[in-house]
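Novice: Next up is a structure, given as structure tokens.
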Amino acid sequence: MAAARPSTADKRRTFRKLHENGCFVIPNPWNVGTARYLQGLGFKAIASTSSGHAHSMGYPDGGQSMEDVLAHYRELADATDIPLNADFENGFAHEPDKVAENVTKCIATGVAGLSIEDFTGDEANPLYDFDLAVARVKAARAAIDKAGGDVVFTARSEGFIHNRPDIDETVRRIKAFSDAGADCIYTPGIKTREHIEATVKAAAPKAVNFLNSGAFGFTVGDLAGMGVRRISVGGSLARVAMHAFIKTATEIAKDGKFDGFAGLMTNAELNKFFGDDLKTRS
């Protein structure tokens with residue numbers, strides 16, 4: 001008989017506790033199968049990936065509707081026993097009041113945490129003006145508090161992945177976001193020890209999420225030593241899968257070769273994992 005599954009409240013308490021000390025990896029699945037497999041590997045929490053899910057559904061990153069994204073969060077949260085953090089992009093709104101309204105909807109899906117970024121969606125003018133960016137963080141914080149306050153709130157500053165790689169402005173923003181009520185700070189795109197340590201120092205005592213989206217040369221131990229509390233991988237696991245798929249399919253289409261199938265995990269192995277796993281869910 002399957003054990004009783006943790007409630008949403010249980011998962012939220014677990015997620016908040018993970019942010020109190022130490023360092024943990026929060027990998028990013030893009031569907032139920034990958035989420036369950038990551039849970040089976042022993043990861044303590046997972047996070048959605050806007051790009052990974054969008055690409056799997058035939059959209060560019062940022063191209064899905066909020067309704068589709070919320071349904072995806074609900075599906076992942078319902079299917080897993082570990083906390084889920086939602087990559088809620090820019091909250092699908094510009095104005096603070098609308099951000100708060102949408103954050104409330106996100107919380108209702110059962111997520112244990114969510115992030116809001118300061119990217120406008122316009123690469124020509126990628127970051128919200130400072131005061132508006134802070135107001136948006138305050139609005140998200142207020143919505144979470146109104147809902148009970150147990151959802152971990154991550155504020156993201158996006159300059160380093162949207163052609164505004166200014167560490168001084170990034171530090172200015174994360175200090176303000178921390179003061180405005182963020183529980184965790186996330187500055188995707190930074191890659192050097194100097195920038196990581198500057199982010200950790202500026203956010204202290206709040207937790208910092210580092211995006212390890214490439215082979216940057218850091219181990220979990222290295223990042224923990226720099227003071228990073230949480231390590232995500234963004235869409236990189238999804239891109240690993242897409243890269244292998246595209247490379248192998250292209251070889252079949254262009255060269256008539258099936259060499260990409262060498263060394264594959266067998267169908268029987270996957271069936272065993274998901275068959276055994278299903279018993280724990282029913």
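Chain labels follow the order of the structure tokens: the first chain is A, the next B, and so on; residue numbering restarts at 1 in every chain, and ligands are counted from 1 in their shown order.
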Please provide the set of residues having any atom within 8 Å of Phe88 in chain A, restricted to only C-alpha atoms, with same-chain residues fewer than 6 positions apart removed, written as a list in words.
Specialist: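 Close residues of Phe88 in chain A: Ser50, Cys106, Leu114, Ser115, Ile116 and Glu117 of chain A.
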Novice: At a cut-off of 12 Å, using only C-alpha atoms, what residues contact Leu41 in chain A? Leave out same-chain residues fewer than 5 positions from it and give the result as a list in words.
Specialist: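 My reading of the contact set: Val25, Ile26, Pro27, Thr34, Ala35, Arg36, Ile46, Ile82, Phe273 and Asp277 of chain A.
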Novice: Run DSSP on the backbone of this structure and report the residues of range 163-245 of chain A it assigns to alpha helix (DSSP H), as a PyMOL selection string.
Specialist: chain A and resi 167-179+193-203+220-225+236-245
Novice: Pick the closest to Ala133 in chain A from A:Val69, A:Ala176, A:Ala202, A:Met265: which is it, counting only C-alpha atoms?
Specialist: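 The closest residue to Ala133 in chain A is A:Ala176.
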Novice: Choose the residue, out of A:Lys191, A:Gly121, A:Trp30, A:Ser157, that has the smallest atom-to-atom separation from Gly217 in chain A; count only C-alpha atoms.
Specialist: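 Distance minimum relative to Gly217 in chain A lands on A:Lys191.
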Novice: Could you jot down the CA of Ile231 in chain A to CA of Phe210 in chain A separation for me, Å, one decimal place?
Specialist: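 Between these atoms lies a distance of 4.9 Å.
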Novice: Taking 4 positions as the minimum chain separation for residues in the same chain, which residues sit within 10 Å of Glu123 in chain A when counting only C-alpha atoms? Answer as a ChimeraX atom specification.
Specialist: /A:119,127,162-164
Novice: Env of Glu67 in chain A: 12 Å cut, atoms = only C-alpha atoms, seq-sep filter 2 positions within chain, self excluded. Answer as number ranges by chain.
Specialist: A: 63-65, 69-74, 88, 91-92, 102, 105-106, 109
Novice: Neighbours of Gly181 in chain A within 10 Å (only C-alpha atoms; same-chain residues fewer than 2 positions away dropped), as a PyMOL selection string?
Specialist: chain A and resi 134+137-142+145+153-155+176-179+183-184+206
Novice: Skipping near chain neighbours, those fewer than 6 positions away, what residues fall within 10 Å of Ala3 in chain A using only C-alpha atoms, listed as a tab-separated table (two decimals) with all heavy atoms, in the first residue's frame?
Specialist:
chain	number	residue	atom	x	y	z
A	279	LYS	N	3.15	2.57	-8.34
A	279	LYS	CA	2.61	1.92	-7.15
A	279	LYS	C	2.67	2.82	-5.93
A	279	LYS	O	1.87	2.69	-5.00
A	279	LYS	CB	3.36	0.62	-6.87
A	279	LYS	CG	3.19	-0.44	-7.95
A	279	LYS	CD	4.11	-1.62	-7.70
A	279	LYS	CE	4.07	-2.62	-8.84
A	279	LYS	NZ	5.05	-3.72	-8.68
A	280	THR	N	3.63	3.72	-5.91
A	280	THR	CA	3.76	4.63	-4.75
A	280	THR	C	2.78	5.78	-4.84
A	280	THR	O	2.61	6.53	-3.87
A	280	THR	CB	5.19	5.20	-4.66
A	280	THR	OG1	5.41	6.13	-5.74
A	280	THR	CG2	6.23	4.09	-4.73
A	281	ARG	N	2.13	5.95	-5.98
A	281	ARG	CA	1.22	7.07	-6.20
A	281	ARG	C	-0.24	6.69	-6.08
A	281	ARG	O	-1.10	7.57	-6.04
A	281	ARG	CB	1.46	7.69	-7.59
A	281	ARG	CG	2.84	8.25	-7.78
A	281	ARG	CD	3.17	8.48	-9.25
A	281	ARG	NE	2.26	9.39	-9.90
A	281	ARG	CZ	2.24	9.62	-11.22
A	281	ARG	NH1	3.09	8.97	-12.00
A	281	ARG	NH2	1.39	10.47	-11.74
A	282	SER	N	-0.53	5.39	-6.04
A	282	SER	CA	-1.92	4.95	-6.07
A	282	SER	C	-2.28	4.14	-4.83
A	282	SER	O	-1.43	3.83	-4.02
A	282	SER	CB	-2.17	4.13	-7.32
A	282	SER	OG	-1.26	3.04	-7.40
Novice: Can you tell me which residues surround Ala77 in chain A at a distance of at most 12 Å, considering only C-alpha atoms, apart from same-chain residues fewer than 3 positions away, and format the answer as a VMD selection string?
Specialist: chain A and resid 5 to 9 11 to 12 29 31 to 32 35 to 36 39 45 to 48 70 to 74 80 to 86 106 to 113
Novice: From range 72-103 of chain A, collect each residue whose DSSP state is strand (DSSP E) and return the set as a list of chain:residue names.
Specialist: A:Leu84, A:Asn85, A:Ala86, A:Asp87
Novice: Those selected residues, please, written with C-alpha atoms and delivered as a PDB file, in the first residue's frame.
Specialist:
ATOM      1  CA  LEU A  84       7.679  22.587  -6.724  1.00  0.00           C
ATOM      2  CA  ASN A  85       8.955  26.084  -7.433  1.00  0.00           C
ATOM      3  CA  ALA A  86       7.168  27.880 -10.286  1.00  0.00           C
ATOM      4  CA  ASP A  87       9.109  29.893 -12.850  1.00  0.00           C
TER       5      ASP A  87
END
Novice: Just the number, please: distance in Å from CA of Leu237 in chain A to CA of Ser213 in chain A, one decimal.
Specialist: 8.6 Å
Novice: Record the distance separating CA of Tyr59 in chain A and CA of Glu89 in chain A, expressed in Å with one decimal.
Specialist: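 Here the two named atoms are 14.8 Å from each other.
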